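> Pasting my_file32.cif here (mmCIF, C-alpha atoms and all ligand atoms):
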```
data_coords
#
loop_
_atom_site.group_PDB
_atom_site.id
_atom_site.type_symbol
_atom_site.label_atom_id
_atom_site.label_comp_id
_atom_site.auth_asym_id
_atom_site.auth_seq_id
_atom_site.Cartn_x
_atom_site.Cartn_y
_atom_site.Cartn_z
ATOM 1 C CA MET A 296 51.014 143.172 -57.608
ATOM 2 C CA LYS A 297 47.836 141.212 -58.204
ATOM 3 C CA ILE A 298 45.525 141.766 -61.162
ATOM 4 C CA ALA A 299 41.833 141.150 -60.567
ATOM 5 C CA PRO A 300 39.714 141.382 -63.732
ATOM 6 C CA SER A 301 36.174 142.526 -62.971
ATOM 7 C CA ILE A 302 33.762 140.203 -64.728
ATOM 8 C CA LEU A 303 31.183 142.980 -64.950
ATOM 9 C CA SER A 304 32.688 143.823 -68.341
ATOM 10 C CA ALA A 305 32.811 140.210 -69.556
ATOM 11 C CA ASP A 306 30.501 138.745 -72.194
ATOM 12 C CA PHE A 307 27.964 137.090 -69.876
ATOM 13 C CA SER A 308 26.683 134.782 -72.619
ATOM 14 C CA ARG A 309 30.141 133.149 -72.468
ATOM 15 C CA LEU A 310 30.963 133.738 -68.817
ATOM 16 C CA LYS A 311 32.853 130.489 -68.216
ATOM 17 C CA ASP A 312 34.994 130.989 -71.337
ATOM 18 C CA GLU A 313 35.685 134.580 -70.339
ATOM 19 C CA ILE A 314 36.728 133.553 -66.819
ATOM 20 C CA GLN A 315 38.971 130.785 -68.091
ATOM 21 C CA ALA A 316 40.462 133.126 -70.669
ATOM 22 C CA VAL A 317 41.561 135.694 -68.063
ATOM 23 C CA GLU A 318 42.799 132.890 -65.819
ATOM 24 C CA ALA A 319 44.937 131.555 -68.682
ATOM 25 C CA ALA A 320 46.037 135.113 -69.435
ATOM 26 C CA GLY A 321 47.595 135.408 -65.987
ATOM 27 C CA ALA A 322 44.917 137.008 -63.794
ATOM 28 C CA ASP A 323 45.547 136.537 -60.061
ATOM 29 C CA TRP A 324 42.027 137.034 -58.709
ATOM 30 C CA LEU A 325 38.528 137.506 -60.109
ATOM 31 C CA HIS A 326 36.633 140.614 -58.982
ATOM 32 C CA VAL A 327 32.862 140.178 -58.722
ATOM 33 C CA ASP A 328 30.813 143.384 -58.577
ATOM 34 C CA VAL A 329 27.578 142.807 -56.713
ATOM 35 C CA MET A 330 24.983 145.582 -57.119
ATOM 36 C CA ASP A 331 21.413 145.571 -55.863
ATOM 37 C CA GLY A 332 19.688 148.535 -57.488
ATOM 38 C CA HIS A 333 19.352 150.211 -54.059
ATOM 39 C CA PHE A 334 22.794 151.191 -52.837
ATOM 40 C CA VAL A 335 23.755 151.825 -56.454
ATOM 41 C CA PRO A 336 21.373 152.276 -59.390
ATOM 42 C CA ASN A 337 22.596 149.138 -61.177
ATOM 43 C CA ILE A 338 21.704 145.451 -60.665
ATOM 44 C CA THR A 339 24.271 142.768 -61.405
ATOM 45 C CA ILE A 340 25.209 139.448 -59.831
ATOM 46 C CA GLY A 341 23.775 137.355 -56.993
ATOM 47 C CA PRO A 342 25.017 134.347 -54.979
ATOM 48 C CA VAL A 343 23.622 131.832 -57.493
ATOM 49 C CA VAL A 344 25.916 133.180 -60.188
ATOM 50 C CA VAL A 345 28.879 133.254 -57.792
ATOM 51 C CA GLU A 346 28.273 129.578 -57.071
ATOM 52 C CA TRP A 347 28.635 128.800 -60.791
ATOM 53 C CA ILE A 348 31.667 131.054 -61.117
ATOM 54 C CA ARG A 349 33.254 129.143 -58.230
ATOM 55 C CA LYS A 350 32.930 125.937 -60.258
ATOM 56 C CA ALA A 351 34.505 127.542 -63.329
ATOM 57 C CA THR A 352 37.807 128.713 -61.834
ATOM 58 C CA ARG A 353 40.358 128.197 -59.101
ATOM 59 C CA LEU A 354 41.161 131.899 -58.855
ATOM 60 C CA PRO A 355 40.337 133.600 -55.558
ATOM 61 C CA LEU A 356 36.945 135.327 -55.795
ATOM 62 C CA ASP A 357 36.883 138.937 -54.648
ATOM 63 C CA ALA A 358 33.252 139.914 -53.986
ATOM 64 C CA HIS A 359 32.621 143.646 -53.888
ATOM 65 C CA LEU A 360 29.242 144.143 -52.231
ATOM 66 C CA MET A 361 27.542 147.349 -53.350
ATOM 67 C CA ILE A 362 24.271 146.472 -51.652
ATOM 68 C CA THR A 363 22.071 147.993 -48.967
ATOM 69 C CA ASP A 364 22.152 145.052 -46.605
ATOM 70 C CA PRO A 365 25.531 143.262 -46.666
ATOM 71 C CA ASP A 366 24.895 141.912 -43.156
ATOM 72 C CA LYS A 367 22.031 139.899 -44.555
ATOM 73 C CA TYR A 368 23.799 138.632 -47.691
ATOM 74 C CA ALA A 369 27.545 138.357 -46.973
ATOM 75 C CA SER A 370 27.134 134.826 -45.628
ATOM 76 C CA GLU A 371 25.389 133.732 -48.841
ATOM 77 C CA PHE A 372 28.240 135.043 -50.980
ATOM 78 C CA ILE A 373 30.796 133.323 -48.749
ATOM 79 C CA LYS A 374 28.839 130.078 -48.905
ATOM 80 C CA ALA A 375 28.760 130.452 -52.691
ATOM 81 C CA GLY A 376 32.555 130.671 -52.757
ATOM 82 C CA ALA A 377 33.697 134.252 -52.177
ATOM 83 C CA ASP A 378 37.182 134.333 -50.628
ATOM 84 C CA TRP A 379 37.308 138.103 -50.128
ATOM 85 C CA VAL A 380 34.326 140.269 -49.224
ATOM 86 C CA SER A 381 34.343 144.061 -49.442
ATOM 87 C CA ILE A 382 31.624 146.095 -47.792
ATOM 88 C CA HIS A 383 30.808 149.794 -47.979
ATOM 89 C CA PRO A 384 30.741 151.005 -44.353
ATOM 90 C CA ASP A 385 27.748 153.306 -44.823
ATOM 91 C CA THR A 386 25.633 150.217 -45.558
ATOM 92 C CA CYS A 387 26.290 148.630 -42.141
ATOM 93 C CA ARG A 388 24.849 149.580 -38.779
ATOM 94 C CA ASP A 389 28.101 148.489 -37.139
ATOM 95 C CA PRO A 390 30.916 148.063 -39.694
ATOM 96 C CA SER A 391 33.272 146.512 -37.105
ATOM 97 C CA ARG A 392 30.694 143.844 -36.393
ATOM 98 C CA SER A 393 30.088 143.217 -40.109
ATOM 99 C CA LEU A 394 33.815 142.833 -40.771
ATOM 100 C CA SER A 395 34.374 140.419 -37.904
ATOM 101 C CA ARG A 396 31.340 138.388 -39.011
ATOM 102 C CA ILE A 397 32.881 138.033 -42.495
ATOM 103 C CA ARG A 398 36.075 136.707 -40.901
ATOM 104 C CA GLU A 399 34.139 134.337 -38.635
ATOM 105 C CA LEU A 400 32.507 132.912 -41.741
ATOM 106 C CA GLY A 401 35.945 132.128 -43.147
ATOM 107 C CA ALA A 402 36.455 134.906 -45.693
ATOM 108 C CA LYS A 403 38.874 137.832 -45.770
ATOM 109 C CA ALA A 404 37.282 141.139 -44.816
ATOM 110 C CA SER A 405 37.688 144.374 -46.707
ATOM 111 C CA ILE A 406 36.278 147.860 -46.420
ATOM 112 C CA ALA A 407 35.498 149.912 -49.535
ATOM 113 C CA VAL A 408 36.226 153.641 -49.535
ATOM 114 C CA ASN A 409 34.422 155.918 -51.971
ATOM 115 C CA PRO A 410 36.424 158.717 -53.637
ATOM 116 C CA ASP A 411 34.847 161.407 -51.415
ATOM 117 C CA VAL A 412 35.205 159.655 -48.050
ATOM 118 C CA PRO A 413 37.812 161.187 -45.723
ATOM 119 C CA LEU A 414 40.353 158.625 -44.540
ATOM 120 C CA GLU A 415 39.806 159.646 -40.913
ATOM 121 C CA ARG A 416 36.440 157.940 -41.125
ATOM 122 C CA ILE A 417 37.933 154.511 -41.850
ATOM 123 C CA GLU A 418 41.285 154.761 -40.075
ATOM 124 C CA GLY A 419 39.808 153.132 -36.984
ATOM 125 C CA HIS A 420 38.937 150.002 -38.957
ATOM 126 C CA LEU A 421 42.450 149.266 -40.267
ATOM 127 C CA ALA A 422 43.149 146.672 -37.598
ATOM 128 C CA GLU A 423 39.899 144.852 -38.404
ATOM 129 C CA ILE A 424 40.489 144.249 -42.114
ATOM 130 C CA ASP A 425 42.582 142.176 -44.496
ATOM 131 C CA MET A 426 42.254 144.662 -47.350
ATOM 132 C CA ILE A 427 41.108 148.195 -48.044
ATOM 133 C CA LEU A 428 39.375 148.817 -51.367
ATOM 134 C CA MET A 429 40.076 152.328 -52.601
ATOM 135 C CA MET A 430 37.416 153.288 -55.146
ATOM 136 C CA THR A 431 38.862 155.254 -58.048
ATOM 137 C CA VAL A 432 35.368 155.826 -59.477
ATOM 138 C CA PHE A 433 32.015 156.174 -57.739
ATOM 139 C CA PRO A 434 30.480 152.715 -57.461
ATOM 140 C CA GLY A 435 27.700 151.691 -59.833
ATOM 141 C CA PHE A 436 29.009 151.124 -63.323
ATOM 142 C CA ALA A 437 31.908 149.692 -65.284
ATOM 143 C CA GLY A 438 33.735 151.805 -67.821
ATOM 144 C CA GLN A 439 33.832 155.101 -65.902
ATOM 145 C CA ALA A 440 36.732 157.553 -65.976
ATOM 146 C CA PHE A 441 39.470 157.139 -63.364
ATOM 147 C CA ILE A 442 39.436 159.824 -60.632
ATOM 148 C CA ASP A 443 43.007 161.107 -60.206
ATOM 149 C CA ASP A 444 42.235 162.829 -56.900
ATOM 150 C CA VAL A 445 42.176 159.447 -55.144
ATOM 151 C CA LEU A 446 45.891 158.794 -55.776
ATOM 152 C CA PRO A 447 47.174 160.822 -52.770
ATOM 153 C CA ASN A 448 44.708 158.956 -50.531
ATOM 154 C CA ILE A 449 46.034 155.611 -51.762
ATOM 155 C CA THR A 450 49.504 156.742 -50.736
ATOM 156 C CA LYS A 451 48.232 157.968 -47.368
ATOM 157 C CA VAL A 452 46.504 154.694 -46.642
ATOM 158 C CA ARG A 453 49.593 152.693 -47.712
ATOM 159 C CA THR A 454 51.708 154.801 -45.333
ATOM 160 C CA LEU A 455 49.312 154.344 -42.417
ATOM 161 C CA ILE A 456 49.314 150.577 -42.947
ATOM 162 C CA SER A 457 53.123 150.421 -43.116
ATOM 163 C CA GLU A 458 53.559 152.633 -40.065
ATOM 164 C CA ARG A 459 51.248 150.425 -38.051
ATOM 165 C CA LYS A 460 52.816 147.278 -39.557
ATOM 166 C CA LEU A 461 49.382 145.870 -40.415
ATOM 167 C CA PRO A 462 48.931 142.925 -42.816
ATOM 168 C CA VAL A 463 46.435 144.834 -44.975
ATOM 169 C CA LEU A 464 46.399 144.841 -48.785
ATOM 170 C CA VAL A 465 45.496 147.988 -50.714
ATOM 171 C CA GLU A 466 43.195 147.414 -53.668
ATOM 172 C CA ALA A 467 42.257 150.041 -56.253
ATOM 173 C CA ASP A 468 39.070 149.733 -58.306
ATOM 174 C CA GLY A 469 37.639 151.706 -61.206
ATOM 175 C CA GLY A 470 38.869 153.092 -64.509
ATOM 176 C CA ILE A 471 42.249 151.368 -64.378
ATOM 177 C CA LYS A 472 43.833 150.351 -67.676
ATOM 178 C CA ALA A 473 47.293 149.607 -69.097
ATOM 179 C CA ASP A 474 47.870 153.326 -69.651
ATOM 180 C CA ASN A 475 47.312 154.490 -66.054
ATOM 181 C CA ILE A 476 48.131 151.422 -63.932
ATOM 182 C CA ASP A 477 51.690 152.689 -63.371
ATOM 183 C CA ARG A 478 50.411 155.689 -61.402
ATOM 184 C CA VAL A 479 48.071 153.564 -59.284
ATOM 185 C CA VAL A 480 50.811 151.081 -58.396
ATOM 186 C CA ARG A 481 53.314 153.840 -57.721
ATOM 187 C CA ALA A 482 50.778 155.443 -55.360
ATOM 188 C CA GLY A 483 50.774 152.224 -53.319
ATOM 189 C CA ALA A 484 48.045 149.882 -54.582
ATOM 190 C CA GLU A 485 48.925 146.212 -54.847
ATOM 191 C CA VAL A 486 45.653 144.642 -55.979
ATOM 192 C CA ILE A 487 44.453 146.178 -59.222
ATOM 193 C CA VAL A 488 40.879 145.719 -60.406
ATOM 194 C CA SER A 489 40.252 146.228 -64.095
ATOM 195 C CA GLY A 490 37.007 145.516 -65.929
ATOM 196 C CA SER A 491 36.732 147.230 -69.293
ATOM 197 C CA GLY A 492 40.533 147.711 -69.296
ATOM 198 C CA ILE A 493 40.839 143.944 -69.811
ATOM 199 C CA PHE A 494 37.551 142.539 -71.105
ATOM 200 C CA LYS A 495 37.072 145.230 -73.745
ATOM 201 C CA THR A 496 40.449 144.452 -75.289
ATOM 202 C CA GLN A 497 41.086 141.798 -77.945
ATOM 203 C CA ASN A 498 43.941 139.843 -76.378
ATOM 204 C CA TYR A 499 43.735 139.368 -72.594
ATOM 205 C CA THR A 500 47.201 137.821 -72.341
ATOM 206 C CA GLU A 501 48.761 140.765 -74.131
ATOM 207 C CA THR A 502 46.774 143.272 -72.040
ATOM 208 C CA ILE A 503 47.745 141.703 -68.719
ATOM 209 C CA ARG A 504 51.362 141.490 -69.855
ATOM 210 C CA ARG A 505 51.242 145.181 -70.787
ATOM 211 C CA MET A 506 49.727 146.029 -67.415
ATOM 212 C CA ARG A 507 52.472 144.181 -65.531
ATOM 213 C CA ASN A 508 55.193 145.820 -67.613
ATOM 214 C CA ALA A 509 53.624 149.238 -67.168
ATOM 215 C CA ALA A 510 53.395 148.708 -63.413
ATOM 216 C CA GLN A 511 57.132 148.038 -63.391
ATOM 217 C CA GLY A 512 57.724 151.193 -65.414
ATOM 218 C CA LEU A 513 58.789 149.210 -68.496
ATOM 219 C CA GLU A 514 56.113 150.443 -70.911
ATOM 220 C CA ARG A 515 52.781 152.225 -70.960
HETATM 221 C C1 LIG A 601 32.394 150.033 -60.077
HETATM 222 C C2 LIG A 601 32.963 148.657 -59.828
HETATM 223 C C3 LIG A 601 34.266 148.395 -60.531
HETATM 224 C C4 LIG A 601 34.170 148.509 -62.027
HETATM 225 C C5 LIG A 601 35.473 148.149 -62.695
HETATM 226 O O1 LIG A 601 31.225 150.173 -59.367
HETATM 227 O O2 LIG A 601 33.194 148.474 -58.452
HETATM 228 O O3 LIG A 601 34.780 147.142 -60.139
HETATM 229 O O4 LIG A 601 33.162 147.724 -62.543
HETATM 230 O O5 LIG A 601 35.301 148.326 -64.052
HETATM 231 P P1 LIG A 601 36.207 149.328 -64.891
HETATM 232 O O6 LIG A 601 37.610 148.819 -64.761
HETATM 233 O O7 LIG A 601 35.659 149.221 -66.256
HETATM 234 O O8 LIG A 601 36.064 150.701 -64.286
HETATM 235 ZN ZN ZN A 602 34.342 146.632 -57.826
#
```
Would you put the structure from the file into structure tokens?
Ligand code: DX5
Ligand code: ZN

Amino acid sequence: MKIAPSILSADFSRLKDEIQAVEAAGADWLHVDVMDGHFVPNITIGPVVVEWIRKATRLPLDAHLMITDPDKYASEFIKAGADWVSIHPDTCRDPSRSLSRIRELGAKASIAVNPDVPLERIEGHLAEIDMILMMTVFPGFAGQAFIDDVLPNITKVRTLISERKLPVLVEADGGIKADNIDRVVRAGAEVIVSGSGIFKTQNYTETIRRMRNAAQGLER
């Protein structure tokens, strides 16, 4: 299991310290939530900031693009240092094309699935991706409540991937904390995004340790 703290909940006045603190605390990746005020009502981080984040850490950068025109901007985020790029398929004219373009540019391609999207709609893309991002909240804001109804879909997607023997990771994103991570991991997710669940706690090392233990069923 990989833990990817979402920096959206970090103290941005001390962003480098915050990043280095979660890295020292045992984070595996860094999740970067990119919002443009169009696809979602919130505005967050652009390529310039990602470029600085890249200089502050060696952790893989997981860019989650919640923007209207990822075809226009994905290359800028990759150039800035994103290793993984997730797109929402309804923002692309031709999602297959967008995903293969991300791979051509040297990043890993991922498709994000909102809580109300039927899996049939993305099943056809499984062979074109390195990861599937299962949203456990509706995109737009940190600190929202986890949507339990997504858990069966995480299991379904995990099963499809195993049946087809595809090298695709399953990531879960939104409302995940030390007290519910066990259910998300048991459902089949292996990359766990957590924003407020980590950055709004006092001791990141202790929180990440608790999350790993909980995921193994050792504590909650
Ligand atoms: C929601 C974002 C998530 C979110 C995670 O639009 O994609 O990554 O910020 O934050 P928490 O863990 O606080 O829900
Ligand atoms: Zn995200």
> Which one of A:Val488, A:Ala377, A:Leu356, A:Val480 sits closest to ligand ZN 602 (chain A) if you count all atoms listed in the file?
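Of A:Val488, A:Ala377, A:Leu356, A:Val480, the one nearest ligand ZN 602 (chain A), counting all atoms listed in the file, is A:Val488.
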> Rounded to one decimal place, report the CA of Pro434 (chain A)-atom O2 of ligand LIG 601 (chain A) distance in Å.
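Between CA of Pro434 (chain A) and atom O2 of ligand LIG 601 (chain A) the gap is 5.1 Å.
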> Quick one: apply the PyMOL selection byres (((chain A and resi 491) around 8) and not hetatm) to the file and drop the selected residues here as a compact mmCIF listing (two decimals) with C-alpha atoms, keeping the file's coordinate frame.

```txt
# COMPACT_ATOMS: atom_id res chain seq x y z
CA SER A 301 36.17 142.53 -62.97
CA SER A 304 32.69 143.82 -68.34
CA ALA A 437 31.91 149.69 -65.28
CA GLY A 438 33.74 151.80 -67.82
CA GLY A 470 38.87 153.09 -64.51
CA LYS A 472 43.83 150.35 -67.68
CA SER A 489 40.25 146.23 -64.10
CA GLY A 490 37.01 145.52 -65.93
CA GLY A 492 40.53 147.71 -69.30
CA ILE A 493 40.84 143.94 -69.81
CA PHE A 494 37.55 142.54 -71.10
CA LYS A 495 37.07 145.23 -73.74
CA THR A 496 40.45 144.45 -75.29
```
> Find the residues near ligand ZN 602 (chain A). Use a cut-off of 7 Å, count only C-alpha atoms and all ligand atoms, and write them as a list in words.
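The distance check yields Ser301, His326, Val327, Asp328, His359, Asp468 and Gly469 of chain A.
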> Counting all atoms listed in the file, which of A:Gly341, A:Pro410, A:Gly376, A:Pro384 gets nearest to ligand LIG 601 (chain A)?
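Closest candidate: A:Pro410.
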> Figure out the distance between CA of Arg481 (chain A) and CA of Gln439 (chain A), please, to one decimal in Å.
21.2 Å
